[in-house]
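Structure data (compact mmCIF, C-alpha atoms and all ligand atoms) from coords34.txt:
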```txt
# COMPACT_ATOMS: atom_id res chain seq x y z
CA MET A 8 0.00 0.00 0.00
CA ARG A 9 1.03 3.60 -0.50
CA ALA A 10 2.47 5.58 2.41
CA VAL A 11 4.27 8.88 2.92
CA THR A 12 7.56 7.89 4.52
CA VAL A 13 10.89 9.42 5.51
CA VAL A 14 14.28 8.21 6.63
CA PRO A 15 14.25 9.98 10.00
CA LEU A 16 16.88 12.69 10.51
CA GLN A 17 17.60 12.73 6.75
CA SER A 18 16.19 15.80 5.02
CA SER A 19 14.82 15.39 1.47
CA SER A 20 14.14 11.69 2.12
CA VAL A 21 10.34 12.09 2.11
CA ASP A 22 8.65 10.04 -0.60
CA LEU A 23 5.48 8.16 -1.47
CA THR A 24 6.64 4.58 -1.02
CA ASP A 25 5.22 1.11 -0.78
CA LEU A 26 4.67 -0.38 2.68
CA PRO A 27 3.51 -3.90 3.56
CA GLU A 28 -0.11 -4.29 4.73
CA PRO A 29 -0.40 -3.51 8.47
CA PRO A 30 0.49 -6.55 10.60
CA GLU A 31 -2.28 -8.33 12.55
CA SER A 32 -0.12 -7.78 15.64
CA ASP A 33 -0.98 -4.04 15.48
CA GLY A 34 -4.58 -4.87 16.45
CA PRO A 35 -7.87 -6.34 15.30
CA VAL A 36 -9.42 -3.08 14.06
CA LEU A 37 -8.68 -2.33 10.40
CA VAL A 38 -9.05 1.30 9.38
CA ARG A 39 -8.99 2.85 5.92
CA THR A 40 -7.34 6.27 6.07
CA HIS A 41 -9.44 9.14 4.69
CA GLY A 42 -6.91 11.85 5.43
CA VAL A 43 -4.07 13.14 7.55
CA GLY A 44 -3.54 16.68 8.77
CA VAL A 45 -0.17 18.35 8.34
CA CYS A 46 1.44 20.15 11.27
CA GLY A 47 4.76 21.69 12.25
CA THR A 48 6.00 18.38 13.64
CA ASP A 49 5.52 16.70 10.23
CA LEU A 50 7.53 19.50 8.60
CA GLU A 51 10.28 19.08 11.22
CA ILE A 52 10.37 15.34 10.53
CA ILE A 53 10.52 15.95 6.78
CA GLY A 54 13.24 18.56 7.36
CA GLY A 55 15.36 15.87 9.05
CA ASP A 56 15.19 17.42 12.51
CA TYR A 57 12.98 14.93 14.38
CA GLY A 58 11.52 11.44 14.18
CA TRP A 59 12.53 7.82 14.80
CA ALA A 60 11.96 4.78 12.52
CA PRO A 61 10.38 1.60 13.92
CA PRO A 62 13.04 -0.72 15.38
CA GLY A 63 14.81 -2.66 12.61
CA GLU A 64 13.45 -0.45 9.79
CA THR A 65 14.97 2.52 8.02
CA ARG A 66 11.81 4.40 6.97
CA LEU A 67 8.98 5.81 9.05
CA ALA A 68 5.45 6.40 7.73
CA ILE A 69 4.59 9.88 9.01
CA GLY A 70 1.15 11.36 9.80
CA HIS A 71 -0.21 11.58 13.33
CA GLU A 72 -3.34 13.71 12.75
CA SER A 73 -5.71 11.20 11.20
CA ILE A 74 -9.26 10.53 10.15
CA GLY A 75 -10.33 7.17 8.84
CA GLU A 76 -13.15 4.71 8.42
CA VAL A 77 -13.41 1.38 10.21
CA VAL A 78 -13.30 -1.52 7.73
CA GLU A 79 -13.45 -4.35 10.24
CA ALA A 80 -13.67 -4.55 14.01
CA PRO A 81 -14.31 -7.41 16.45
CA ASP A 82 -17.87 -7.82 17.74
CA GLY A 83 -18.63 -6.02 20.98
CA CYS A 84 -15.64 -3.65 20.90
CA GLY A 85 -17.83 -0.57 20.46
CA LEU A 86 -16.72 0.00 16.86
CA ALA A 87 -18.35 -1.13 13.63
CA ALA A 88 -17.56 -0.96 9.93
CA GLY A 89 -18.32 2.51 8.60
CA ASP A 90 -17.54 4.39 11.86
CA MET A 91 -15.33 7.45 11.40
CA VAL A 92 -12.43 7.26 13.82
CA VAL A 93 -9.31 9.08 14.90
CA ALA A 94 -6.29 7.18 16.16
CA ILE A 95 -4.39 8.20 19.29
CA VAL A 96 -0.77 9.28 18.74
CA ARG A 97 1.11 8.06 21.81
CA ARG A 98 1.44 4.58 23.34
CA PRO A 99 2.59 4.00 26.94
CA ASP A 100 6.18 3.12 27.67
CA PRO A 101 6.94 -0.57 28.31
CA VAL A 102 8.06 -0.19 31.93
CA PRO A 103 5.46 1.36 32.51
CA CYS A 104 6.13 4.55 34.45
CA PRO A 105 3.51 5.55 37.06
CA ASN A 106 1.64 7.77 34.59
CA CYS A 107 1.68 5.37 31.63
CA ALA A 108 0.48 2.65 34.02
CA ILE A 109 -2.77 4.56 34.55
CA GLY A 110 -3.37 5.67 30.95
CA GLU A 111 -1.80 9.13 31.40
CA TRP A 112 0.88 8.50 28.77
CA ASP A 113 0.88 12.17 27.86
CA MET A 114 2.71 12.64 31.18
CA CYS A 115 5.23 9.80 30.59
CA ARG A 116 8.12 10.05 33.03
CA ASN A 117 10.86 8.11 31.25
CA GLY A 118 10.52 9.18 27.60
CA ARG A 119 10.25 5.56 26.41
CA TYR A 120 6.74 6.08 24.98
CA THR A 121 6.21 5.55 21.26
CA GLU A 122 4.26 7.92 18.98
CA TRP A 123 2.67 6.63 15.77
CA GLY A 124 3.96 8.69 12.88
CA ILE A 125 6.68 10.31 15.00
CA LYS A 126 8.57 7.91 17.24
CA GLU A 127 9.30 4.25 16.53
CA HIS A 128 5.99 3.24 14.92
CA HIS A 129 4.49 3.91 11.50
CA GLY A 130 1.90 6.65 11.45
CA TYR A 131 -1.34 7.19 9.60
CA ALA A 132 -0.17 8.65 6.27
CA ARG A 133 -0.70 5.20 4.72
CA GLU A 134 -3.75 3.75 3.06
CA ARG A 135 -4.63 1.35 5.89
CA TYR A 136 -3.62 0.68 9.46
CA ARG A 137 -4.50 -1.79 12.19
CA ILE A 138 -5.01 -0.79 15.79
CA THR A 139 -6.46 -1.97 19.11
CA PRO A 140 -9.92 -0.57 19.96
CA ASP A 141 -8.64 1.31 23.03
CA PHE A 142 -6.46 3.54 20.82
CA VAL A 143 -9.14 4.75 18.43
CA VAL A 144 -11.86 7.28 19.18
CA LYS A 145 -15.12 7.52 17.28
CA VAL A 146 -16.07 10.98 16.04
CA ASP A 147 -19.54 12.39 15.56
CA SER A 148 -20.85 11.27 12.16
CA SER A 149 -21.82 14.87 11.31
CA LEU A 150 -18.12 15.78 11.28
CA GLY A 151 -17.07 13.49 8.42
CA ASP A 152 -13.48 14.20 7.42
CA LEU A 153 -13.42 17.27 9.71
CA GLY A 154 -12.61 14.72 12.38
CA VAL A 155 -9.03 15.30 11.16
CA LEU A 156 -9.15 18.32 13.50
CA LEU A 157 -9.49 16.08 16.54
CA GLU A 158 -5.79 15.47 17.20
CA PRO A 159 -4.92 19.20 17.34
CA THR A 160 -8.06 19.69 19.45
CA THR A 161 -6.79 17.11 21.95
CA VAL A 162 -3.68 19.23 22.47
CA VAL A 163 -5.83 22.13 23.66
CA ALA A 164 -8.31 19.86 25.47
CA LYS A 165 -5.36 18.70 27.58
CA ALA A 166 -4.18 22.30 28.02
CA TRP A 167 -7.63 23.29 29.31
CA ASP A 168 -7.82 20.21 31.56
CA HIS A 169 -4.55 21.18 33.24
CA ILE A 170 -5.39 24.90 33.36
CA GLU A 171 -8.60 24.05 35.21
CA ARG A 172 -6.82 21.72 37.63
CA ILE A 173 -4.27 24.43 38.42
CA GLY A 174 -7.10 26.94 38.78
CA ARG A 175 -8.62 24.84 41.54
CA ARG A 176 -5.64 25.61 43.83
CA ALA A 177 -7.69 28.64 45.05
CA GLU A 178 -11.01 30.36 44.46
CA TRP A 179 -10.93 30.90 40.69
CA LYS A 180 -13.44 32.53 38.40
CA PRO A 181 -11.57 33.32 35.19
CA THR A 182 -13.07 35.83 32.79
CA THR A 183 -10.38 36.75 30.27
CA VAL A 184 -8.26 34.52 28.05
CA LEU A 185 -5.37 35.46 25.78
CA VAL A 186 -4.35 33.15 22.95
CA THR A 187 -1.17 33.87 21.00
CA GLY A 188 -1.14 32.58 17.43
CA ALA A 189 -4.14 32.05 15.16
CA GLY A 190 -2.96 28.80 13.59
CA PRO A 191 -5.00 25.62 14.12
CA ILE A 192 -3.89 25.18 17.75
CA GLY A 193 -4.59 28.83 18.64
CA LEU A 194 -7.97 28.83 16.91
CA LEU A 195 -8.99 25.57 18.58
CA ALA A 196 -7.77 26.87 21.97
CA ALA A 197 -9.98 29.91 21.38
CA LEU A 198 -12.93 27.67 20.41
CA LEU A 199 -12.64 25.74 23.69
CA ALA A 200 -12.38 29.02 25.62
CA ARG A 201 -15.55 30.36 23.96
CA GLN A 202 -17.31 27.06 24.72
CA ARG A 203 -16.52 27.93 28.37
CA ASP A 204 -18.18 31.33 27.86
CA LEU A 205 -14.99 33.29 28.46
CA GLU A 206 -13.89 36.62 26.96
CA VAL A 207 -11.26 35.64 24.43
CA HIS A 208 -8.52 37.68 22.77
CA VAL A 209 -6.39 36.19 20.00
CA VAL A 210 -3.23 37.86 18.74
CA ASP A 211 -1.40 37.00 15.53
CA GLN A 212 0.82 38.85 13.09
CA VAL A 213 -1.51 38.92 10.08
CA THR A 214 -3.67 42.00 9.74
CA ASP A 215 -6.56 40.67 7.69
CA GLY A 216 -7.99 37.62 5.95
CA LEU A 217 -9.29 34.31 7.19
CA LYS A 218 -7.66 34.24 10.63
CA PRO A 219 -9.25 37.47 11.93
CA GLU A 220 -12.56 36.35 10.39
CA LEU A 221 -12.42 32.98 12.14
CA VAL A 222 -11.61 34.65 15.47
CA GLU A 223 -14.47 37.11 15.13
CA ALA A 224 -16.89 34.36 14.06
CA LEU A 225 -16.22 32.74 17.44
CA GLY A 226 -17.26 35.92 19.24
CA ALA A 227 -13.65 36.56 20.24
CA THR A 228 -11.51 39.68 19.63
CA TYR A 229 -8.66 39.65 17.14
CA HIS A 230 -5.50 41.72 17.69
CA HIS A 231 -2.23 42.22 15.92
CA GLY A 232 0.69 44.18 17.33
CA PRO A 233 2.30 44.07 20.76
CA ILE A 234 0.54 42.35 23.67
CA SER A 235 1.38 45.26 25.95
CA GLY A 236 -0.87 47.49 23.81
CA MET A 237 -3.92 45.21 24.14
CA GLY A 238 -5.01 46.60 27.52
CA ILE A 239 -5.96 43.22 29.02
CA GLU A 240 -4.82 41.28 32.09
CA PRO A 241 -5.73 37.70 31.20
CA ASP A 242 -6.54 35.09 33.84
CA VAL A 243 -5.42 32.44 31.36
CA ALA A 244 -2.96 32.70 28.50
CA ILE A 245 -2.36 29.93 26.00
CA GLU A 246 0.82 30.47 24.01
CA CYS A 247 0.60 28.65 20.67
CA THR A 248 3.53 30.05 18.66
CA GLY A 249 6.72 29.02 20.47
CA VAL A 250 8.16 32.46 19.58
CA GLY A 251 10.69 33.37 22.30
CA GLN A 252 9.75 37.03 22.75
CA LEU A 253 6.02 36.28 22.84
CA ILE A 254 6.52 33.71 25.60
CA PHE A 255 7.96 36.42 27.86
CA ASP A 256 5.40 39.02 26.75
CA VAL A 257 2.61 36.62 27.70
CA MET A 258 4.12 35.97 31.14
CA GLU A 259 4.30 39.71 31.70
CA ALA A 260 0.71 40.29 30.57
CA ALA A 261 -0.87 37.63 32.83
CA GLY A 262 -3.05 39.03 35.60
CA ALA A 263 -2.87 38.11 39.32
CA ASN A 264 -3.07 34.32 39.86
CA GLY A 265 -2.56 34.07 36.11
CA ILE A 266 -2.06 30.72 34.44
CA VAL A 267 0.14 30.61 31.36
CA CYS A 268 0.15 27.43 29.30
CA LEU A 269 2.92 26.98 26.72
CA THR A 270 2.01 24.68 23.80
CA GLY A 271 4.39 25.85 21.05
CA VAL A 272 7.59 23.89 20.48
CA SER A 273 10.35 26.41 19.73
CA SER A 274 13.51 25.78 17.81
CA GLY A 275 16.48 26.94 19.91
CA GLY A 276 19.49 29.00 18.98
CA ARG A 277 18.17 32.53 19.35
CA ASP A 278 19.07 34.75 22.32
CA ILE A 279 16.69 37.41 23.61
CA PRO A 280 17.34 39.77 26.52
CA VAL A 281 15.17 39.04 29.57
CA ASP A 282 15.03 40.90 32.88
CA ALA A 283 14.79 37.68 34.87
CA GLY A 284 14.62 39.46 38.25
CA THR A 285 11.63 41.61 37.35
CA LEU A 286 9.87 38.69 35.71
CA ASN A 287 10.48 36.44 38.71
CA ARG A 288 9.27 39.15 41.10
CA ARG A 289 6.07 39.48 39.13
CA LEU A 290 5.41 35.73 38.87
CA VAL A 291 6.02 35.26 42.61
CA LEU A 292 4.09 38.27 43.87
CA GLU A 293 1.09 37.38 41.69
CA ASN A 294 1.09 33.61 42.29
CA ASP A 295 1.35 33.08 38.54
CA VAL A 296 1.88 29.61 37.08
CA VAL A 297 3.69 28.95 33.80
CA PHE A 298 3.57 25.38 32.51
CA GLY A 299 4.23 23.40 29.35
CA SER A 300 1.76 20.98 27.79
CA VAL A 301 2.22 18.36 25.08
CA ASN A 302 0.33 15.37 23.73
CA ALA A 303 -2.96 14.00 25.09
CA ASN A 304 -4.44 10.89 26.66
CA ARG A 305 -7.70 9.14 25.84
CA ARG A 306 -9.70 11.38 28.20
CA HIS A 307 -8.54 14.40 26.16
CA TYR A 308 -9.49 12.70 22.88
CA GLU A 309 -12.97 12.15 24.26
CA ALA A 310 -13.19 15.76 25.50
CA GLY A 311 -11.91 16.99 22.13
CA ALA A 312 -14.44 14.85 20.24
CA GLU A 313 -17.22 16.36 22.37
CA ALA A 314 -15.93 19.89 21.74
CA LEU A 315 -15.88 19.31 17.97
CA ALA A 316 -19.34 17.71 18.01
CA GLY A 317 -20.65 20.87 19.73
CA ALA A 318 -18.86 23.30 17.40
CA ASP A 319 -20.27 25.04 14.33
CA LYS A 320 -19.42 22.70 11.44
CA ASP A 321 -19.13 25.57 8.93
CA TRP A 322 -16.56 27.23 11.17
CA LEU A 323 -14.58 23.99 11.46
CA ALA A 324 -14.76 23.48 7.69
CA ARG A 325 -13.14 26.90 7.13
CA LEU A 326 -10.14 25.77 9.20
CA VAL A 327 -9.26 23.13 6.59
CA THR A 328 -7.97 25.53 3.96
CA ARG A 329 -6.51 22.95 1.54
CA ARG A 330 -7.33 19.31 0.77
CA VAL A 331 -4.54 17.83 -1.30
CA PRO A 332 -5.20 14.57 -3.21
CA LEU A 333 -2.67 11.79 -2.62
CA ALA A 334 -1.50 12.05 -6.25
CA SER A 335 -0.14 15.56 -5.48
CA TRP A 336 1.04 14.63 -1.98
CA ARG A 337 4.18 16.82 -2.08
CA ASP A 338 2.01 19.95 -2.24
CA ALA A 339 0.52 19.12 1.16
CA TYR A 340 3.94 19.57 2.75
CA GLU A 341 4.77 22.90 1.06
CA ARG A 342 3.57 25.80 3.21
CA GLN A 343 1.42 28.30 1.31
CA PRO A 344 0.25 31.74 2.38
CA GLY A 345 -3.25 31.51 3.82
CA ASP A 346 -2.85 27.92 5.04
CA VAL A 347 -4.51 27.13 8.34
CA LYS A 348 -4.90 23.33 8.29
CA VAL A 349 -3.87 21.32 5.26
CA MET A 350 -5.21 17.79 4.83
CA LEU A 351 -3.66 15.12 2.62
CA ASP A 352 -6.69 13.38 1.17
CA PHE A 353 -6.38 9.60 0.72
CA THR A 354 -9.86 9.28 -0.78
CA ALA A 355 -9.31 11.58 -3.78
C1 LIG B 1 1.90 15.98 18.50
C2 LIG B 1 2.00 15.34 19.88
C3 LIG B 1 3.40 14.83 20.13
C4 LIG B 1 4.39 15.95 19.90
C5 LIG B 1 5.83 15.55 20.17
C6 LIG B 1 2.99 17.00 18.33
O1 LIG B 1 2.94 17.51 17.03
O2 LIG B 1 0.65 16.59 18.35
O3 LIG B 1 1.07 14.28 19.96
O4 LIG B 1 3.49 14.36 21.46
O5 LIG B 1 4.27 16.43 18.58
O6 LIG B 1 6.29 14.46 19.43
```
Could you show the structure in this file as structure tokens?
Amino acid sequence: MRAVTVVPLQSSSVDLTDLPEPPESDGPVLVRTHGVGVCGTDLEIIGGDYGWAPPGETRLAIGHESIGEVVEAPDGCGLAAGDMVVAIVRRPDPVPCPNCAIGEWDMCRNGRYTEWGIKEHHGYARERYRITPDFVVKVDSSLGDLGVLLEPTTVVAKAWDHIERIGRRAEWKPTTVLVTGAGPIGLLAALLARQRDLEVHVVDQVTDGLKPELVEALGATYHHGPISGMGIEPDVAIECTGVGQLIFDVMEAAGANGIVCLTGVSSGGRDIPVDAGTLNRRLVLENDVVFGSVNANRRHYEAGAEALAGADKDWLARLVTRRVPLASWRDAYERQPGDVKVMLDFTA
């Protein structure tokens, strides 16, 4: 079958290659891939900066944001042929660590987890895959292929889960949320904030076009320009760009008892001046919390699926700005102006 594969850590190795049919040992549920979303991690893997092949193999099938259709599933497992499903990215480490042992693999302690499409197991950018029922999540049938937005939604569902747990350290009635970056993660973070009835501000560098429209359609406020000029003191800030300066600007903007969640993975190598003393003084005197968040466990997939089922389908559809047929697969991995979420379409 056809699959988009790379030799990890080797740039320009990406190709559409032939892979054997998925082994029965991967699980009794057979899924036909409808599409995979493209994100920054895929581009890093293609660029030769990240990724691990399965043990004993040289190539890795990429793709961790998936949507597919069940072809066969064992009786009584809760899945049936025709169901639209999304596969979970991470699998627990083999030890397992205390978190993986209880299904919280997103908080793995020893780094020995695997991630389908990223770390030591083929991903979903292949025509078919097999999986165990506990690692697939059914999406609302009204979503169709828009279920491809579930994986990025799980990232922010986890962020919100942890924000709310931290919030419970004291009396907490948040009103104002700041989201930096109006890419898929930022927009979905804003969607989940609006579903919580909060006042939401999203900042990005573009001045017009689809991103501001999508923010406004949520009933949130769009900004461009410096955070200091926005005149808000957010209770919650979700940083979705990984841009060094913005990370510090967000920490400075947070209001008293502020919670800052960092979701963007930065590339290192750039120095910026920081007045660490003043920043520390502010964080301490205001009881602020700054934390990082990555990946998601099954609970977050279920929360994300519920959030998408409750969202305006037309709004979600506008997030998928390009659907690229498999025959033109290379185009899916070339960034174009105006892209929000690009989907490589295995059905076209
Ligand atoms: C994925 C996560 C994964 C992370 C690090 C992200 O793009 O969404 O599931 O844990 O990359 O590999």
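Non-sequential neighbours of stretch 114-117 of chain A (distance at most 10 Å, separation of 6 or more positions within a chain, only C-alpha atoms) are Arg97, Arg98, Pro99, Asp100, Pro101, Val102, Pro103, Cys104, Pro105, Asn106, Cys107, Ala108, Ser300, Val301, Asn302, Ala303 and Asn304 of chain A.
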* To do: Could you give me the residues within 10 Å of ligand LIG 1 (chain B), counting all atoms listed in the file, as JSON, numbers by chain?
  => {"A": [45, 46, 47, 48, 49, 50, 51, 52, 57, 58, 70, 71, 72, 95, 96, 97, 112, 113, 114, 120, 121, 122, 123, 124, 125, 126, 158, 159, 160, 161, 162, 192, 270, 271, 272, 300, 301, 302, 303, 304]}
* **Shell around stretch 224-236 of chain A at 12 Å using only C-alpha atoms, local window under 6 positions removed, as JSON, numbers by chain** => {"A": [183, 184, 185, 186, 187, 188, 189, 193, 194, 195, 196, 197, 198, 199, 200, 201, 202, 203, 204, 205, 206, 207, 208, 209, 210, 211, 212, 213, 214, 215, 216, 217, 218, 244, 246, 252, 253, 254, 255, 256, 257, 258, 259, 260, 261, 318, 319, 321, 322, 323, 325, 326]}
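Residue nearest A:Lys180, chosen from A:Ser149, A:Asn264, A:Asn287, A:Leu221 and counting all atoms listed in the file: A:Asn264.
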* Near-A:Val11 list (8 Å; all atoms listed in the file; drop same-chain fewer than 2 positions) as a PyMOL selection string -> chain A and resi 9+13+21-24+68-70+132-133
Residue contacts of A:Val36 (7 Å, all atoms listed in the file) excluding same-chain residues fewer than 2 positions away, as an mmCIF file with C-alpha atoms, in the frame of the given file:
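Dumped everything to selection.cif:
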```
data_model
loop_
_atom_site.group_PDB
_atom_site.id
_atom_site.type_symbol
_atom_site.label_atom_id
_atom_site.label_comp_id
_atom_site.auth_asym_id
_atom_site.auth_seq_id
_atom_site.Cartn_x
_atom_site.Cartn_y
_atom_site.Cartn_z
ATOM 1 C CA GLY A 34 -4.580 -4.870 16.450
ATOM 2 C CA VAL A 38 -9.050 1.300 9.380
ATOM 3 C CA GLU A 79 -13.450 -4.350 10.240
ATOM 4 C CA ALA A 80 -13.670 -4.550 14.010
ATOM 5 C CA PRO A 81 -14.310 -7.410 16.450
ATOM 6 C CA ARG A 137 -4.500 -1.790 12.190
ATOM 7 C CA ILE A 138 -5.010 -0.790 15.790
ATOM 8 C CA THR A 139 -6.460 -1.970 19.110
ATOM 9 C CA PRO A 140 -9.920 -0.570 19.960
#
```
Counting only C-alpha atoms, which residues of stretch 148-254 of chain A sit at most 10 Å from some atom of stretch 327-337 of chain A, and what is each one's closest atom pair with its distance in Å to one decimal, listed by chain and rising residue number, as a tab-separated table?
```
residue	atom	partner	partner_atom	distance
A:Asp152	CA	A:Val327	CA	9.9
A:Leu153	CA	A:Val327	CA	7.8
A:Val155	CA	A:Val327	CA	9.1
A:Leu156	CA	A:Val327	CA	8.4
A:Pro191	CA	A:Val327	CA	9.0
A:Leu217	CA	A:Thr328	CA	9.4
```
Those residues with C-alpha atoms, as a PDB file, in the frame of the given file please?
```
ATOM      1  CA  ASP A 152     -13.480  14.200   7.420  1.00  0.00           C
ATOM      2  CA  LEU A 153     -13.420  17.270   9.710  1.00  0.00           C
ATOM      3  CA  VAL A 155      -9.030  15.300  11.160  1.00  0.00           C
ATOM      4  CA  LEU A 156      -9.150  18.320  13.500  1.00  0.00           C
ATOM      5  CA  PRO A 191      -5.000  25.620  14.120  1.00  0.00           C
ATOM      6  CA  LEU A 217      -9.290  34.310   7.190  1.00  0.00           C
TER       7      LEU A 217
END
```
